[in-house]
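Student: Sharing run_20.cif below, mmCIF, C-alpha atoms and all ligand atoms:
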```cif
data_coords
#
loop_
_atom_site.label_atom_id
_atom_site.label_comp_id
_atom_site.auth_asym_id
_atom_site.auth_seq_id
_atom_site.Cartn_x
_atom_site.Cartn_y
_atom_site.Cartn_z
CA MET A 149 45.76 -36.97 -6.77
CA GLN A 150 47.16 -34.64 -9.45
CA PRO A 151 50.22 -35.98 -11.24
CA ARG A 152 53.45 -33.97 -11.23
CA MET A 153 54.18 -32.55 -14.68
CA VAL A 154 57.41 -31.20 -16.10
CA MET A 155 57.65 -29.22 -19.32
CA ASP A 156 61.11 -29.30 -20.86
CA GLU A 157 61.50 -27.64 -24.27
CA ASN A 158 58.79 -29.31 -26.35
CA LYS A 159 58.48 -32.29 -24.09
CA LEU A 160 55.81 -32.68 -21.41
CA THR A 161 56.47 -35.46 -18.89
CA VAL A 162 53.64 -36.59 -16.63
CA TYR A 163 54.61 -38.63 -13.57
CA LEU A 164 51.61 -40.84 -12.86
CA THR A 165 51.34 -42.32 -9.38
CA GLY A 166 49.17 -44.67 -7.34
CA GLU A 167 46.13 -46.47 -8.72
CA ILE A 168 44.58 -45.62 -12.07
CA ASP A 169 40.96 -46.70 -12.09
CA HIS A 170 37.70 -45.21 -13.34
CA HIS A 171 37.36 -43.07 -10.21
CA ASN A 172 40.83 -41.50 -10.46
CA ALA A 173 41.13 -41.33 -14.25
CA ARG A 174 38.90 -38.29 -14.63
CA SER A 175 40.97 -35.84 -12.58
CA ILE A 176 44.22 -37.18 -14.04
CA ARG A 177 42.82 -36.73 -17.54
CA GLU A 178 41.65 -33.19 -16.83
CA ALA A 179 45.02 -32.17 -15.39
CA ILE A 180 46.95 -33.59 -18.35
CA ASP A 181 44.61 -32.11 -20.97
CA CYS A 182 44.81 -28.72 -19.35
CA SER A 183 48.59 -28.85 -19.51
CA ILE A 184 48.59 -30.09 -23.13
CA GLN A 185 46.34 -27.22 -24.14
CA SER A 186 48.44 -24.55 -22.51
CA ASN A 187 51.89 -25.96 -23.33
CA LYS A 188 51.25 -27.53 -26.76
CA PRO A 189 54.10 -30.06 -26.38
CA SER A 190 55.26 -32.02 -29.41
CA LEU A 191 55.97 -35.03 -27.20
CA LEU A 192 53.91 -36.24 -24.24
CA ARG A 193 55.74 -38.72 -22.02
CA LEU A 194 53.52 -40.67 -19.63
CA ASP A 195 55.82 -41.98 -16.91
CA PHE A 196 54.21 -45.01 -15.22
CA SER A 197 57.01 -45.74 -12.73
CA GLY A 198 54.87 -44.72 -9.73
CA VAL A 199 51.72 -46.56 -10.80
CA THR A 200 50.84 -49.45 -8.49
CA PHE A 201 47.62 -50.56 -10.16
CA MET A 202 45.63 -49.93 -13.29
CA ASP A 203 42.63 -51.43 -15.05
CA SER A 204 41.27 -50.66 -18.52
CA SER A 205 40.56 -47.09 -17.39
CA GLY A 206 44.32 -46.58 -17.70
CA ILE A 207 44.15 -47.82 -21.28
CA GLY A 208 41.34 -45.36 -21.98
CA LEU A 209 43.49 -42.62 -20.47
CA VAL A 210 46.44 -43.40 -22.75
CA MET A 211 44.26 -43.82 -25.86
CA GLY A 212 42.48 -40.54 -25.18
CA ARG A 213 45.76 -38.62 -24.78
CA TYR A 214 47.07 -40.29 -27.93
CA ARG A 215 44.06 -38.95 -29.81
CA MET A 216 44.44 -35.53 -28.31
CA MET A 217 48.15 -35.29 -29.11
CA SER A 218 47.44 -36.46 -32.66
CA LEU A 219 45.14 -33.45 -33.07
CA TYR A 220 48.13 -31.19 -32.42
CA GLY A 221 50.42 -33.31 -34.56
CA GLY A 222 52.26 -34.45 -31.43
CA ARG A 223 53.36 -37.85 -30.20
CA VAL A 224 52.88 -39.92 -27.05
CA ARG A 225 55.29 -42.28 -25.28
CA VAL A 226 54.48 -44.57 -22.37
CA VAL A 227 57.71 -44.87 -20.37
CA GLU A 228 58.99 -46.60 -17.21
CA LEU A 229 56.18 -49.13 -17.30
CA PRO A 230 56.36 -51.47 -14.26
CA GLU A 231 56.52 -55.16 -15.12
CA SER A 232 53.19 -55.77 -13.38
CA LEU A 233 51.43 -53.51 -15.90
CA GLU A 234 53.00 -54.93 -19.04
CA ARG A 235 50.31 -57.53 -19.58
CA ILE A 236 47.37 -55.15 -19.44
CA MET A 237 49.14 -52.57 -21.57
CA LYS A 238 49.93 -55.18 -24.24
CA LEU A 239 46.40 -56.58 -24.20
CA SER A 240 45.15 -53.14 -25.10
CA GLY A 241 46.54 -53.11 -28.61
CA LEU A 242 48.53 -50.01 -27.62
CA GLY A 243 51.60 -52.05 -28.49
CA ALA A 244 50.54 -51.87 -32.13
CA LEU A 245 50.62 -48.05 -32.02
CA ASN A 246 54.28 -48.39 -31.07
CA ILE A 247 54.15 -45.87 -28.24
CA ILE A 248 55.40 -48.06 -25.39
CA GLY A 249 58.97 -47.52 -24.23
CA SER A 250 61.39 -44.68 -24.84
CA GLU A 251 62.28 -43.68 -28.37
CA VAL A 252 65.81 -44.52 -29.38
CA HIS A 253 66.82 -40.90 -29.97
CA GLU A 254 65.55 -39.98 -26.51
CA TYR A 255 68.30 -42.11 -25.01
CA ALA A 256 70.84 -40.43 -27.23
CA GLU A 257 70.05 -36.96 -25.87
CA MET B 1424 35.68 -76.74 2.99
CA LEU B 1425 33.90 -73.64 1.80
CA ASN B 1426 34.54 -70.11 3.01
CA GLU B 1427 32.35 -67.22 1.88
CA MET B 1428 32.11 -63.46 2.31
CA LYS B 1429 29.61 -60.93 1.06
CA LEU B 1430 29.80 -57.20 0.49
CA SER B 1431 27.12 -54.74 -0.50
CA PHE B 1432 27.82 -51.09 -1.27
CA ASP B 1433 26.58 -48.09 -3.25
CA SER B 1434 27.61 -47.70 -6.88
CA ARG B 1435 29.77 -44.65 -6.22
CA SER B 1436 33.08 -44.57 -8.06
CA SER B 1437 34.91 -43.86 -4.79
CA ASN B 1438 33.95 -47.41 -3.72
CA GLU B 1439 35.87 -49.05 -6.58
CA ALA B 1440 39.12 -49.03 -4.60
CA PHE B 1441 37.30 -50.26 -1.50
CA ALA B 1442 35.86 -53.22 -3.43
CA ARG B 1443 39.31 -54.21 -4.69
CA SER B 1444 40.96 -53.93 -1.28
CA ALA B 1445 38.24 -55.78 0.63
CA THR B 1446 38.18 -58.63 -1.88
CA ALA B 1447 41.96 -58.87 -1.93
CA ALA B 1448 42.07 -58.88 1.88
CA PHE B 1449 39.71 -61.86 2.02
CA ILE B 1450 41.69 -63.81 -0.58
CA THR B 1451 45.01 -63.13 1.15
CA GLN B 1452 44.34 -66.04 3.51
CA LEU B 1453 44.97 -68.34 0.52
CA ASP B 1454 48.52 -66.99 0.28
CA PRO B 1455 48.23 -66.03 -3.40
CA THR B 1456 51.25 -64.80 -5.33
CA ILE B 1457 51.47 -61.03 -5.84
CA GLY B 1458 50.71 -61.63 -9.51
CA GLU B 1459 47.58 -63.66 -8.77
CA LEU B 1460 46.30 -61.08 -6.31
CA ASN B 1461 46.91 -58.35 -8.86
CA ASP B 1462 45.06 -60.36 -11.54
CA ILE B 1463 42.05 -60.70 -9.25
CA ARG B 1464 42.07 -57.03 -8.29
CA THR B 1465 42.23 -56.04 -11.95
CA ALA B 1466 39.39 -58.32 -13.10
CA LEU B 1467 37.21 -57.33 -10.15
CA SER B 1468 37.86 -53.65 -10.80
CA GLU B 1469 36.51 -54.07 -14.33
CA ALA B 1470 33.33 -55.77 -13.16
CA VAL B 1471 32.64 -53.24 -10.40
CA THR B 1472 33.39 -50.29 -12.68
CA ASN B 1473 30.87 -51.67 -15.19
CA CYS B 1474 28.19 -51.59 -12.48
CA VAL B 1475 29.06 -47.97 -11.65
CA VAL B 1476 29.37 -46.76 -15.25
CA HIS B 1477 26.83 -48.85 -17.16
CA ALA B 1478 24.39 -50.69 -14.91
CA TYR B 1479 23.45 -47.63 -12.86
CA ARG B 1480 24.26 -45.05 -15.49
CA ASP B 1481 22.57 -41.96 -14.06
CA THR B 1482 21.58 -43.34 -10.69
CA ILE B 1483 23.09 -44.89 -7.58
CA GLY B 1484 22.20 -48.50 -6.83
CA LYS B 1485 23.57 -51.41 -4.85
CA ILE B 1486 26.47 -53.55 -5.97
CA SER B 1487 26.99 -56.86 -4.23
CA ILE B 1488 30.06 -59.03 -4.26
CA THR B 1489 30.18 -62.62 -3.06
CA VAL B 1490 33.54 -64.32 -2.81
CA THR B 1491 33.83 -68.02 -2.09
CA ILE B 1492 37.01 -69.97 -1.62
CA GLU B 1493 37.03 -73.73 -1.91
CA ASP B 1494 39.68 -76.39 -1.82
CA GLY B 1495 42.20 -73.90 -0.47
CA SER B 1496 42.83 -72.61 -4.00
CA LEU B 1497 39.64 -72.05 -6.01
CA VAL B 1498 38.30 -68.49 -5.92
CA THR B 1499 34.83 -67.65 -7.25
CA ILE B 1500 33.70 -64.02 -7.28
CA ARG B 1501 30.17 -62.97 -8.12
CA ILE B 1502 29.52 -59.29 -8.88
CA ARG B 1503 25.84 -58.46 -9.01
CA ASP B 1504 23.84 -55.34 -9.86
CA LYS B 1505 20.15 -54.60 -10.24
CA GLY B 1506 20.77 -52.11 -13.02
CA CYS B 1507 19.78 -51.80 -16.67
CA GLY B 1508 20.98 -55.22 -17.82
CA ILE B 1509 22.68 -56.12 -21.10
CA ALA B 1510 20.57 -56.82 -24.20
CA ASP B 1511 23.30 -58.57 -26.19
CA VAL B 1512 25.88 -60.18 -23.93
CA LYS B 1513 27.88 -61.65 -26.81
CA GLN B 1514 28.34 -58.22 -28.39
CA ALA B 1515 29.11 -56.62 -25.00
CA MET B 1516 31.95 -59.11 -24.47
CA GLU B 1517 33.61 -58.43 -27.81
CA PRO B 1518 36.94 -56.64 -27.37
CA LEU B 1519 36.70 -52.88 -28.07
CA TYR B 1520 32.90 -52.83 -27.93
CA THR B 1521 31.67 -50.04 -25.66
CA SER B 1522 28.35 -48.28 -25.34
CA ALA B 1523 30.06 -45.30 -23.69
CA PRO B 1524 32.97 -44.13 -25.90
CA GLU B 1525 32.44 -40.50 -24.83
CA GLU B 1526 33.65 -41.41 -21.35
CA GLU B 1527 36.91 -42.84 -22.66
CA ARG B 1528 35.87 -46.38 -21.91
CA ALA B 1529 38.24 -48.60 -23.88
CA GLY B 1530 35.75 -51.42 -24.42
CA LEU B 1531 38.27 -53.82 -22.91
CA GLY B 1532 36.70 -54.61 -19.54
CA PHE B 1533 35.50 -58.09 -20.44
CA ALA B 1534 38.72 -58.80 -22.36
CA VAL B 1535 40.70 -57.94 -19.23
CA MET B 1536 38.44 -60.10 -17.04
CA GLN B 1537 38.94 -63.02 -19.43
CA SER B 1538 42.66 -62.55 -19.65
CA PHE B 1539 43.18 -62.20 -15.88
CA THR B 1540 40.98 -65.07 -14.65
CA ASP B 1541 40.31 -68.66 -15.72
CA LYS B 1542 36.62 -68.26 -16.46
CA VAL B 1543 34.14 -65.42 -16.89
CA SER B 1544 30.40 -65.91 -17.17
CA VAL B 1545 27.66 -63.35 -17.50
CA ARG B 1546 23.96 -63.64 -16.78
CA SER B 1547 21.87 -60.60 -17.54
CA THR B 1548 18.25 -59.59 -17.92
CA VAL B 1549 17.33 -56.22 -19.39
CA GLY B 1550 15.71 -54.07 -16.74
CA LYS B 1551 16.61 -56.50 -13.95
CA GLY B 1552 20.36 -56.53 -13.73
CA THR B 1553 23.56 -58.44 -14.36
CA THR B 1554 25.65 -61.04 -12.57
CA VAL B 1555 29.26 -61.54 -13.61
CA THR B 1556 31.07 -64.59 -12.23
CA LEU B 1557 34.85 -64.75 -12.19
CA VAL B 1558 36.68 -67.97 -11.38
CA LYS B 1559 40.38 -68.25 -10.67
CA ARG B 1560 42.42 -71.23 -9.54
CA LEU B 1561 45.48 -70.26 -7.54
CA SER B 1562 48.76 -72.07 -8.07
CA ARG B 1563 49.43 -72.78 -4.37
CA ARG B 1564 47.00 -74.72 -2.26
CA VAL B 1565 46.53 -73.71 1.35
CA SER B 1566 45.54 -76.65 3.51
CA ASN B 1567 44.18 -75.03 6.66
CA GLY B 1568 40.42 -74.59 6.50
N1 LIG C 1 26.94 -54.50 -15.38
C1 LIG C 1 26.57 -54.03 -16.60
N2 LIG C 1 25.34 -53.51 -16.79
C2 LIG C 1 24.97 -53.03 -18.01
N3 LIG C 1 25.77 -53.03 -19.11
C3 LIG C 1 27.01 -53.54 -18.96
C4 LIG C 1 27.48 -54.06 -17.72
N4 LIG C 1 28.75 -54.50 -17.90
C5 LIG C 1 29.05 -54.26 -19.19
N5 LIG C 1 28.02 -53.69 -19.84
C6 LIG C 1 27.98 -53.36 -21.30
O1 LIG C 1 29.03 -54.04 -21.93
C7 LIG C 1 29.89 -53.12 -22.63
C8 LIG C 1 31.32 -53.61 -22.64
O2 LIG C 1 31.87 -53.62 -21.34
P1 LIG C 1 33.45 -53.51 -21.16
O3 LIG C 1 34.09 -54.59 -21.96
O4 LIG C 1 33.75 -53.45 -19.72
O5 LIG C 1 33.81 -52.13 -21.87
P2 LIG C 1 33.58 -50.61 -21.37
O6 LIG C 1 33.22 -50.63 -19.91
O7 LIG C 1 34.89 -49.97 -21.63
O8 LIG C 1 32.47 -50.05 -22.19
C9 LIG C 1 29.66 -51.80 -21.95
O9 LIG C 1 29.96 -50.71 -22.78
C10 LIG C 1 28.18 -51.88 -21.58
O10 LIG C 1 27.38 -51.56 -22.69
MG MG C 2 34.16 -51.70 -18.47
#
```
When written as structure tokens, how does the structure in this file appear?
Tutor:
Amino acid sequence: MQPRMVMDENKLTVYLTGEIDHHNARSIREAIDCSIQSNKPSLLRLDFSGVTFMDSSGIGLVMGRYRMMSLYGGRVRVVELPESLERIMKLSGLGALNIIGSEVHEYAE
Amino acid sequence: MLNEMKLSFDSRSSNEAFARSATAAFITQLDPTIGELNDIRTALSEAVTNCVVHAYRDTIGKISITVTIEDGSLVTIRIRDKGCGIADVKQAMEPLYTSAPEEERAGLGFAVMQSFTDKVSVRSTVGKGTTVTLVKRLSRRVSNG
């Protein structure tokens, strides 16, 4: 299923839903990349609130978008991460990139 | 008291979700916690995906899963393919190692399996295939056989 995406000023928010596995990751990736290329956001927010399952394909998805956004000089945030996905997200080393959770100034908006 | 189930299916990516659901449905009789069931689904998903992506890279082959439950709490899952095999299992299991970076594989499949189960073992022969065994002990013990 294609994720819902909202472009607001320079910020692209992608509302991921359901299960992210190897089978689903491809179409999700293509939809997001297409939107990044046409909108050139400076911030990509990946909203995980609707995600019920993910394996390391989800990590690959985040890493890949991180690389892509870096090409444009943009940033990535993983937001609204359900508790059940915290362990796998942390295990990925994505924590070290400091992209999990909202940025402080985002709250201040 | 031993209870066993077997599944065999084609290595199509659309079967990854099926494999997770069917395995979880069998294990549900042990009354696992939501967390435990999620751990098993995640580890299994990694093993099955590896069969689809790596073992049968440009072909479709059979994946078989055997799940046994013992003691009302010990779950053993065997995921078997007759694909290309792994030449260097030690290297394959290292975190971040992947032979398919172009497909956005994170190289974390084995790391996830290890983190989400109690024991992971791999037997593989190049050209013959691979068997991954996952063992998990559940916290609650169900007494009915
Ligand atoms: N069933 C398998 N058959 C053949 N090769 C495999 C199998 N499972 C894993 N591998 C090899 O081990 C490597 C590491 O696997 P994994 O940790 O799951 O990372 P990834 O799938 O992201 O590459 C794979 O890149 C592949 O080379
Ligand atoms: Mg893998």
Student: Name each residue within 7 Å of ligand MG 2 (chain C), counting only C-alpha atoms and all ligand atoms, as a tab-separated table (two decimals) with C-alpha atoms, in the frame of the given file.
Tutor:
```tsv
chain	number	residue	atom	x	y	z
B	1469	GLU	CA	36.51	-54.07	-14.33
B	1470	ALA	CA	33.33	-55.77	-13.16
B	1472	THR	CA	33.39	-50.29	-12.68
B	1473	ASN	CA	30.87	-51.67	-15.19
B	1528	ARG	CA	35.87	-46.38	-21.91
B	1530	GLY	CA	35.75	-51.42	-24.42
B	1531	LEU	CA	38.27	-53.82	-22.91
B	1532	GLY	CA	36.70	-54.61	-19.54
B	1533	PHE	CA	35.50	-58.09	-20.44
```
Student: Under the rule of at most 6 Å, produce a per-residue listing of chain B near ligand LIG 1 (chain C): chain, number, name, the closest pair of atoms, and the distance in Å, as a Markdown table, using only C-alpha atoms and all ligand atoms.
Tutor:
```
| residue | atom | partner | partner_atom | distance |
| --- | --- | --- | --- | --- |
| B:Asn1473 | CA | C:LIG1 | N4 | 4.5 |
| B:Cys1474 | CA | C:LIG1 | N1 | 4.3 |
| B:His1477 | CA | C:LIG1 | C2 | 4.7 |
| B:Ala1478 | CA | C:LIG1 | N2 | 3.5 |
| B:Cys1507 | CA | C:LIG1 | C2 | 5.5 |
| B:Gly1508 | CA | C:LIG1 | C2 | 4.6 |
| B:Ile1509 | CA | C:LIG1 | N3 | 4.8 |
| B:Ala1515 | CA | C:LIG1 | O1 | 4.0 |
| B:Met1516 | CA | C:LIG1 | O3 | 5.6 |
| B:Tyr1520 | CA | C:LIG1 | C8 | 5.6 |
| B:Thr1521 | CA | C:LIG1 | O9 | 3.4 |
| B:Ser1522 | CA | C:LIG1 | O9 | 3.9 |
| B:Ala1523 | CA | C:LIG1 | O9 | 5.5 |
| B:Arg1528 | CA | C:LIG1 | O7 | 3.7 |
| B:Ala1529 | CA | C:LIG1 | O7 | 4.3 |
| B:Gly1530 | CA | C:LIG1 | O7 | 3.3 |
| B:Leu1531 | CA | C:LIG1 | O3 | 4.4 |
| B:Gly1532 | CA | C:LIG1 | O4 | 3.2 |
| B:Phe1533 | CA | C:LIG1 | O3 | 4.1 |
| B:Thr1553 | CA | C:LIG1 | N1 | 5.3 |
```
Student: For a test of reading the model, state the distance in Å between atom CA of B:Gln1514 and atom CA of B:Val1476, rounded to one decimal.
Tutor: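 Here the two named atoms are 17.5 Å from each other.
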Student: Looking at B:Val1535, B:Met1424, B:Leu1561, B:Ile1488, which one is nearest to chain A, with distances taken over all atoms listed in the file?
Tutor: B:Val1535
Student: Of the candidates A:Arg193, A:Tyr163, A:Glu228, A:Gly198, which shows the shortest atom-to-atom distance to A:Tyr214, using only C-alpha atoms?
Tutor: A:Arg193
Student: Is there a way to get, as a PDB file with C-alpha atoms, in the coordinates of the input, all residues within 12 Å of the point (60.9, -28.1, -27.4) in file coordinates, counting only C-alpha atoms?
Tutor:
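Okay, out-v9.pdb is ready:
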```pdb
ATOM      1  CA  MET A 155      57.650 -29.220 -19.320  1.00  0.00           C
ATOM      2  CA  ASP A 156      61.110 -29.300 -20.860  1.00  0.00           C
ATOM      3  CA  GLU A 157      61.500 -27.640 -24.270  1.00  0.00           C
ATOM      4  CA  ASN A 158      58.790 -29.310 -26.350  1.00  0.00           C
ATOM      5  CA  LYS A 159      58.480 -32.290 -24.090  1.00  0.00           C
ATOM      6  CA  LEU A 160      55.810 -32.680 -21.410  1.00  0.00           C
ATOM      7  CA  ASN A 187      51.890 -25.960 -23.330  1.00  0.00           C
ATOM      8  CA  LYS A 188      51.250 -27.530 -26.760  1.00  0.00           C
ATOM      9  CA  PRO A 189      54.100 -30.060 -26.380  1.00  0.00           C
ATOM     10  CA  SER A 190      55.260 -32.020 -29.410  1.00  0.00           C
ATOM     11  CA  LEU A 191      55.970 -35.030 -27.200  1.00  0.00           C
ATOM     12  CA  LEU A 192      53.910 -36.240 -24.240  1.00  0.00           C
ATOM     13  CA  GLY A 222      52.260 -34.450 -31.430  1.00  0.00           C
TER      14      GLY A 222
END
```
Student: Give me the residues within 10 Å of B:Phe1441 as a list of chain:residue names, counting all atoms listed in the file and dropping any in the same chain fewer than 5 places off.
Tutor: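 Residues near the query, excluding close chain neighbours: B:Phe1432, B:Ser1436, B:Thr1446, B:Ala1447, B:Ser1468.
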Student: Please write as a PyMOL selection string the list of polymer residues whose atoms come within 12 Å of (48.0, -30.4, -18.1), counting all atoms listed in the file and keeping to the coordinates of the file.
Tutor: chain A and resi 150-155+160-163+175-189+192+194+213+216
Student: Check every residue of chain A for an atom within 6 Å of chain B, counting all atoms listed in the file, and provide those that qualify as a CSV table (one decimal) with C-alpha atoms, keeping the file's coordinate frame.
Tutor:
```
chain,number,residue,atom,x,y,z
A,171,HIS,CA,37.4,-43.1,-10.2
A,203,ASP,CA,42.6,-51.4,-15.0
A,208,GLY,CA,41.3,-45.4,-22.0
```
Student: Given all atoms listed in the file as the basis, pick out the residue of A:Glu167, A:Leu229, A:Phe201, A:Ile236 nearest to A:Gly249.
Tutor: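 Going through A:Glu167, A:Leu229, A:Phe201, A:Ile236 one by one, the smallest distance to A:Gly249 is for A:Leu229.
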Student: Could you state the separation of atom CA of A:Leu209 and atom CA of A:Asn172 in Å, given to one decimal place?
Tutor: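 For atom CA of A:Leu209 relative to atom CA of A:Asn172, the distance reads 10.4 Å.
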Student: Excluding A:Lys238 and any residue of its chain fewer than 6 positions from it, enumerate the residues within 10 Å of it, using only C-alpha atoms, and give them as a list in words.
Tutor: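 Result of the neighbour search: Ile207, Ala244 and Ile248 of chain A.
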Student: So the first atom is atom CA of B:Met1428 and the second is atom CA of B:Thr1482; what is the distance between them in Å, to one decimal place?
Tutor: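 Going from atom CA of B:Met1428 over to atom CA of B:Thr1482 covers 26.2 Å.
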Student: Counting only C-alpha atoms, figure out which residue out of A:Met149, A:Asp169, A:Leu245, A:Arg174 gets nearest to A:Arg215.
Tutor: A:Leu245
Student: I'd like the box whose edges run along x, y and z of the file and which contains every listed atom of stretch 1529-1535 of chain B, padded by 5 Å per side; could you state its centre and edge lengths in Å, one decimal, as AutoDock Vina command-line options?
Tutor:
```
--center_x 38.1 --center_y -53.7 --center_z -21.8 --size_x 15.2 --size_y 20.2 --size_z 15.2
```
Student: My structure is short of atoms at stretch 1429-1442 of chain B; please model N, CA, C and O atoms there, returning them as a short mmCIF file (atom, residue, chain, number, x, y, z; two decimals), in the coordinates of the input.
Tutor:
```
data_model
loop_
_atom_site.label_atom_id
_atom_site.label_comp_id
_atom_site.auth_asym_id
_atom_site.auth_seq_id
_atom_site.Cartn_x
_atom_site.Cartn_y
_atom_site.Cartn_z
N LYS B 1429 30.48 -61.76 1.89
CA LYS B 1429 29.61 -60.93 1.06
C LYS B 1429 29.79 -59.46 1.39
O LYS B 1429 29.97 -59.09 2.55
N LEU B 1430 29.70 -58.65 0.34
CA LEU B 1430 29.80 -57.20 0.49
C LEU B 1430 28.64 -56.58 -0.26
O LEU B 1430 28.27 -57.07 -1.32
N SER B 1431 28.11 -55.49 0.26
CA SER B 1431 27.12 -54.74 -0.50
C SER B 1431 27.42 -53.26 -0.30
O SER B 1431 27.67 -52.81 0.82
N PHE B 1432 27.45 -52.50 -1.39
CA PHE B 1432 27.82 -51.09 -1.27
C PHE B 1432 27.19 -50.29 -2.41
O PHE B 1432 26.75 -50.86 -3.41
N ASP B 1433 27.16 -48.98 -2.24
CA ASP B 1433 26.58 -48.09 -3.25
C ASP B 1433 27.49 -47.98 -4.47
O ASP B 1433 28.70 -48.04 -4.35
N SER B 1434 26.85 -47.77 -5.62
CA SER B 1434 27.61 -47.70 -6.88
C SER B 1434 28.25 -46.33 -7.08
O SER B 1434 28.04 -45.69 -8.11
N ARG B 1435 29.02 -45.91 -6.09
CA ARG B 1435 29.77 -44.65 -6.22
C ARG B 1435 31.20 -45.01 -6.64
O ARG B 1435 31.76 -45.98 -6.12
N SER B 1436 31.76 -44.19 -7.53
CA SER B 1436 33.08 -44.57 -8.06
C SER B 1436 34.14 -44.61 -6.97
O SER B 1436 35.11 -45.35 -7.06
N SER B 1437 33.92 -43.84 -5.88
CA SER B 1437 34.91 -43.86 -4.79
C SER B 1437 34.95 -45.22 -4.10
O SER B 1437 35.90 -45.51 -3.37
N ASN B 1438 33.94 -46.08 -4.33
CA ASN B 1438 33.95 -47.41 -3.72
C ASN B 1438 34.70 -48.45 -4.55
O ASN B 1438 34.84 -49.60 -4.12
N GLU B 1439 35.16 -48.08 -5.74
CA GLU B 1439 35.87 -49.05 -6.58
C GLU B 1439 37.14 -49.55 -5.88
O GLU B 1439 37.41 -50.76 -5.87
N ALA B 1440 37.89 -48.63 -5.30
CA ALA B 1440 39.12 -49.03 -4.60
C ALA B 1440 38.80 -49.86 -3.37
O ALA B 1440 39.49 -50.85 -3.07
N PHE B 1441 37.74 -49.49 -2.67
CA PHE B 1441 37.30 -50.26 -1.50
C PHE B 1441 36.99 -51.71 -1.89
O PHE B 1441 37.41 -52.65 -1.21
N ALA B 1442 36.24 -51.88 -2.99
CA ALA B 1442 35.86 -53.22 -3.43
C ALA B 1442 37.10 -54.08 -3.74
O ALA B 1442 37.16 -55.25 -3.37
#
```
